[in-house]
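The structure appears below as structure tokens.
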Amino acid sequence: MLNTLALIFIVIGLFFMVVGAIGLIRFPDFYTRVHATGKCDTLGEGMILFGLVLYEGMNLVAVKILLLVIFIFITSPTAVHAILNVAYTRGVEPWKKGDERR
Amino acid sequence: MKRPSVYQYILTFAILMLFWYILSGYLEFFYIGAGIVCCGIVTLISGDLVFRSDVRIARSAHVFIRFILYIPRLLAAILHANLDVAYRVLHPEMPIDPGIVTVDTPFRGDVLRTSFANAVTLTPGTVTVDVIDGRFIVHALVREAGEEDLLKGRSIERDLARVFGEGDQPPSGETGDL
Amino acid sequence: MIDIFHASVIVLILTVFLCLYRVLAGPGWENRLIAVNTIGTKTIVVLVLIGFIYERPLFLDISIAYAMINFISTLAIAKYLGRGCIC
């Protein structure tokens with residue numbers, strides 16, 4: 001039962017990570033690519049690691065993985081925001097609808 | 001620069017010790033002794049880094065518990081945001097219309113502003129680009145939907161204001177620090 | 001369940017190659033930086049999965065340290081590009 005639940009979590013997480021990578025390729029400019037990777041990677045990673053917690057059961061390894069999940073959920077948006085902020089202050093232009101892709 | 005208090009050193013030492021125990025996993029004399037020595041050195045050097053010197057434990061714990069109760073709604077919003085992005089990535093015509101939205105908030109505390117920026121980054125179609133004194137510059141994947149959410153709805157803003165106990169008119173000098 | 005872990009590692013490495021295309025082709029430093037950050041976050045999951053496949057909990061500590069180094073290096077590069085020095 002728990003293994004099935006863990007399998008579901010891992011598969012959903014893999015789906016989101018693949019979608020994030022495809023968005024990194026497909027979207028037309030830097031700001032929209034940040035949307036794809038910053039969101040989908042954070043949730044996909046959290047879901048895969050939570051599935052591993054369910055597979056492992058409650059012991060010290062699971063506590064370490066939960067610590068890693070909390071750390072990622074705090075730091076990943078912060079790192080993305082740091083890159084975005086630098087790009088905005090250095091004058092990277094946002095893409096408008098109708099422009100050609102960069 | 002205020003005078004450092006004892007509480008911030010004790011709190012920093014306790015958190016470092018908990019982290020040490022989780023990472024090592026042994027409850028023997030040698031490992032715990034080494035942990036006490038290492039955490040003591042780190043606390044002496046940078047004890048005033050994490051907490052302010054006027055930390056009030058009861059109020060901080062109150063804010064922390066309310067923040068934990070807020071987490072399930074945040075997770076639901078994150079899931080919705082990811083499904084939205086996945087739909088826009090996998091749609092063959094890519095229905096996006098990006099643009100930049102400016103949001104004014106009355107927030108003052110550093111932790112509160114950081115939480116709001118991270119919450120905006122993780123909710124549907126928006127990422128925070130820049131913060132200037134409570135004014136957030138937000139890049140929206142679909143401009144009209146972003147304006148609808150952030151300027152008319154303001155649900156994230158109200159939730160976070162309730163969590164940190166800071167309303168539309170913040171009392172002077174009080175900030176929502178942990 | 002071990003087969004699932006193997007399959008997950010293979011899928012993750014394929015997505016790393018997709019990101020590597022963006023690192024090589026992406027115009028400007030900003031696309032390269034965001035792609036490198038994404039590869040780093042995928043590497044954390046790959047490390048944890050390798051630890052589960054070979055049943056060595058040591059890899060978890062490595063992945064925690066890798067997460068911290070990834071975060072700090074991204075912040076350092078962003079700060080250097082924004083101010084011209086790391087200070």
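Lettering and numbering for the structure tokens are positional, with chains as A, B, ... in the shown order, residues counted from 1 in each chain, and ligands counted from 1 in the shown order.
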
Check your understanding: Near Thr32 of chain A, within 9 Å and counting only C-alpha atoms, which residues show up once chain neighbours fewer than 4 positions away are dropped, as a PyMOL selection string?
Key -> (chain A and resi 23-24+27-28+36+94-95) or (chain B and resi 96+98+139-141)

Within 8 Å of chain B: each chain A residue with its shortest pair, only C-alpha atoms, as JSON lines:
```
{"residue": "A:Phe16", "atom": "CA", "partner": "B:Ala86", "partner_atom": "CA", "distance": 7.4}
{"residue": "A:Val19", "atom": "CA", "partner": "B:Ala86", "partner_atom": "CA", "distance": 6.1}
{"residue": "A:Gly20", "atom": "CA", "partner": "B:Ala86", "partner_atom": "CA", "distance": 7.8}
{"residue": "A:Ile22", "atom": "CA", "partner": "B:Val89", "partner_atom": "CA", "distance": 7.3}
{"residue": "A:Gly23", "atom": "CA", "partner": "B:Val89", "partner_atom": "CA", "distance": 5.5}
{"residue": "A:Arg26", "atom": "CA", "partner": "B:Val89", "partner_atom": "CA", "distance": 7.4}
{"residue": "A:Phe27", "atom": "CA", "partner": "B:Val89", "partner_atom": "CA", "distance": 7.6}
{"residue": "A:Tyr31", "atom": "CA", "partner": "B:His139", "partner_atom": "CA", "distance": 7.5}
{"residue": "A:Thr32", "atom": "CA", "partner": "B:Leu141", "partner_atom": "CA", "distance": 6.6}
{"residue": "A:His35", "atom": "CA", "partner": "B:Val127", "partner_atom": "CA", "distance": 6.9}
{"residue": "A:Ala36", "atom": "CA", "partner": "B:Val85", "partner_atom": "CA", "distance": 6.5}
{"residue": "A:Gly38", "atom": "CA", "partner": "B:Thr121", "partner_atom": "CA", "distance": 7.9}
{"residue": "A:Lys39", "atom": "CA", "partner": "B:Leu122", "partner_atom": "CA", "distance": 6.0}
{"residue": "A:Cys40", "atom": "CA", "partner": "B:Asn82", "partner_atom": "CA", "distance": 5.8}
{"residue": "A:Leu43", "atom": "CA", "partner": "B:Ile78", "partner_atom": "CA", "distance": 7.6}
{"residue": "A:Leu60", "atom": "CA", "partner": "B:Gly25", "partner_atom": "CA", "distance": 7.1}
{"residue": "A:Val63", "atom": "CA", "partner": "B:Ile22", "partner_atom": "CA", "distance": 7.5}
{"residue": "A:Lys64", "atom": "CA", "partner": "B:Ile22", "partner_atom": "CA", "distance": 6.9}
{"residue": "A:Ile74", "atom": "CA", "partner": "B:Asn118", "partner_atom": "CA", "distance": 7.9}
{"residue": "A:Pro77", "atom": "CA", "partner": "B:Asn118", "partner_atom": "CA", "distance": 5.9}
{"residue": "A:Thr78", "atom": "CA", "partner": "B:Asn118", "partner_atom": "CA", "distance": 7.0}
{"residue": "A:His81", "atom": "CA", "partner": "B:Val129", "partner_atom": "CA", "distance": 6.4}
{"residue": "A:Leu84", "atom": "CA", "partner": "B:Val129", "partner_atom": "CA", "distance": 5.7}
{"residue": "A:Asn85", "atom": "CA", "partner": "B:Val129", "partner_atom": "CA", "distance": 5.3}
{"residue": "A:Tyr88", "atom": "CA", "partner": "B:Val129", "partner_atom": "CA", "distance": 7.0}
{"residue": "A:Pro94", "atom": "CA", "partner": "B:Gly99", "partner_atom": "CA", "distance": 7.4}
{"residue": "A:Trp95", "atom": "CA", "partner": "B:Pro98", "partner_atom": "CA", "distance": 7.1}
{"residue": "A:Lys96", "atom": "CA", "partner": "B:Pro98", "partner_atom": "CA", "distance": 6.2}
{"residue": "A:Lys97", "atom": "CA", "partner": "B:Asp97", "partner_atom": "CA", "distance": 5.6}
```

Point to revise | Residues flagged strand (DSSP E) by DSSP in segment 10-123 of chain B, as a count of residues only | key: 6

For chain C, report every residue with an atom at most 10 Å from chain A (counting only C-alpha atoms), formatted as a PDB file with C-alpha atoms, in the first residue's frame.
```pdb
ATOM      1  CA  MET C   1      11.047  -1.020  -6.557  1.00  0.00           C
ATOM      2  CA  ILE C   4      11.670   2.059 -10.579  1.00  0.00           C
ATOM      3  CA  PHE C   5      14.692   3.811  -9.093  1.00  0.00           C
ATOM      4  CA  SER C   8      13.913   7.381 -12.528  1.00  0.00           C
ATOM      5  CA  VAL C   9      17.679   7.931 -12.699  1.00  0.00           C
ATOM      6  CA  VAL C  11      14.767   9.760 -17.026  1.00  0.00           C
ATOM      7  CA  LEU C  12      16.458  12.396 -14.865  1.00  0.00           C
ATOM      8  CA  LEU C  14      17.790  12.519 -20.078  1.00  0.00           C
ATOM      9  CA  THR C  15      16.277  15.754 -18.702  1.00  0.00           C
ATOM     10  CA  VAL C  16      19.799  16.838 -17.719  1.00  0.00           C
ATOM     11  CA  PHE C  17      20.744  16.490 -21.390  1.00  0.00           C
ATOM     12  CA  LEU C  18      17.762  18.688 -22.342  1.00  0.00           C
ATOM     13  CA  CYS C  19      19.039  21.348 -19.933  1.00  0.00           C
ATOM     14  CA  LEU C  20      22.559  20.935 -21.319  1.00  0.00           C
ATOM     15  CA  TYR C  21      21.236  22.018 -24.718  1.00  0.00           C
ATOM     16  CA  ARG C  22      20.109  25.277 -23.103  1.00  0.00           C
ATOM     17  CA  GLY C  26      21.130  29.711 -24.788  1.00  0.00           C
ATOM     18  CA  PRO C  27      21.757  33.332 -25.750  1.00  0.00           C
ATOM     19  CA  GLY C  28      23.477  35.294 -23.013  1.00  0.00           C
ATOM     20  CA  TRP C  29      24.709  34.432 -19.518  1.00  0.00           C
ATOM     21  CA  GLU C  30      21.265  34.489 -17.902  1.00  0.00           C
ATOM     22  CA  ASN C  31      19.896  31.463 -19.785  1.00  0.00           C
ATOM     23  CA  ARG C  32      23.094  29.521 -19.093  1.00  0.00           C
ATOM     24  CA  LEU C  33      22.990  30.356 -15.391  1.00  0.00           C
ATOM     25  CA  ILE C  34      19.378  29.272 -14.918  1.00  0.00           C
ATOM     26  CA  ALA C  35      20.052  26.032 -16.834  1.00  0.00           C
ATOM     27  CA  ASN C  37      21.060  25.856 -11.553  1.00  0.00           C
ATOM     28  CA  THR C  38      18.404  23.454 -12.851  1.00  0.00           C
ATOM     29  CA  ILE C  39      21.027  20.775 -13.551  1.00  0.00           C
ATOM     30  CA  THR C  41      18.790  20.602  -8.513  1.00  0.00           C
ATOM     31  CA  LYS C  42      18.350  17.485 -10.655  1.00  0.00           C
ATOM     32  CA  ILE C  44      20.541  16.305  -5.866  1.00  0.00           C
ATOM     33  CA  VAL C  45      17.697  13.892  -6.666  1.00  0.00           C
ATOM     34  CA  VAL C  48      19.592  10.481  -3.286  1.00  0.00           C
ATOM     35  CA  LEU C  49      18.326   7.829  -5.721  1.00  0.00           C
ATOM     36  CA  PHE C  52      18.794   4.162  -2.327  1.00  0.00           C
ATOM     37  CA  PRO C  57      22.877   6.301   3.427  1.00  0.00           C
ATOM     38  CA  LEU C  58      26.176   8.170   3.059  1.00  0.00           C
ATOM     39  CA  LEU C  60      22.253  11.516   1.598  1.00  0.00           C
ATOM     40  CA  ASP C  61      24.882  13.576   3.424  1.00  0.00           C
ATOM     41  CA  SER C  63      23.378  15.389  -1.443  1.00  0.00           C
ATOM     42  CA  ILE C  64      22.660  17.747   1.490  1.00  0.00           C
ATOM     43  CA  ALA C  65      26.139  19.249   1.115  1.00  0.00           C
ATOM     44  CA  ALA C  67      22.317  21.329  -2.165  1.00  0.00           C
ATOM     45  CA  MET C  68      24.047  23.887   0.044  1.00  0.00           C
ATOM     46  CA  ASN C  70      24.575  24.698  -5.313  1.00  0.00           C
ATOM     47  CA  PHE C  71      22.595  27.422  -3.527  1.00  0.00           C
ATOM     48  CA  ILE C  72      25.672  29.338  -2.343  1.00  0.00           C
ATOM     49  CA  SER C  73      27.414  29.183  -5.740  1.00  0.00           C
ATOM     50  CA  THR C  74      24.327  30.446  -7.549  1.00  0.00           C
ATOM     51  CA  LEU C  75      24.030  33.341  -5.104  1.00  0.00           C
ATOM     52  CA  ALA C  76      27.752  34.122  -5.470  1.00  0.00           C
ATOM     53  CA  ILE C  77      27.620  34.198  -9.271  1.00  0.00           C
ATOM     54  CA  ALA C  78      24.483  36.384  -9.199  1.00  0.00           C
ATOM     55  CA  LYS C  79      26.113  38.768  -6.739  1.00  0.00           C
ATOM     56  CA  TYR C  80      29.301  38.954  -8.793  1.00  0.00           C
ATOM     57  CA  LEU C  81      27.359  39.756 -11.957  1.00  0.00           C
ATOM     58  CA  GLY C  82      25.277  42.374 -10.130  1.00  0.00           C
ATOM     59  CA  ARG C  83      28.012  44.262  -8.293  1.00  0.00           C
TER      60      ARG C  83
END
```

Review point. Hey, what does DSSP flag as helix (DSSP H, G or I) within segment 66-149 of chain B? Can you give it to me as JSON, numbers by chain?
Key: {"B": [66, 67, 68, 69, 70, 71, 72, 73, 74, 75, 76, 77, 78, 79, 80, 81, 82, 83, 84, 85, 86, 87, 88, 89, 90, 110, 111, 112, 113, 114, 115, 116, 117, 118, 119, 120, 121, 122, 143, 144, 145, 146, 147, 148, 149]}

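As for atom CA of Arg135 of chain B and atom CA of Thr102 of chain B, they are spaced 7.1 Å apart.
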
Exercise for review: Could you jot down the atom CA of His6 of chain C to atom CA of Thr43 of chain C separation for me, Å, one decimal place?
Suggested key: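 If I compute the distance from atom CA of His6 of chain C to atom CA of Thr43 of chain C, I get 14.5 Å.
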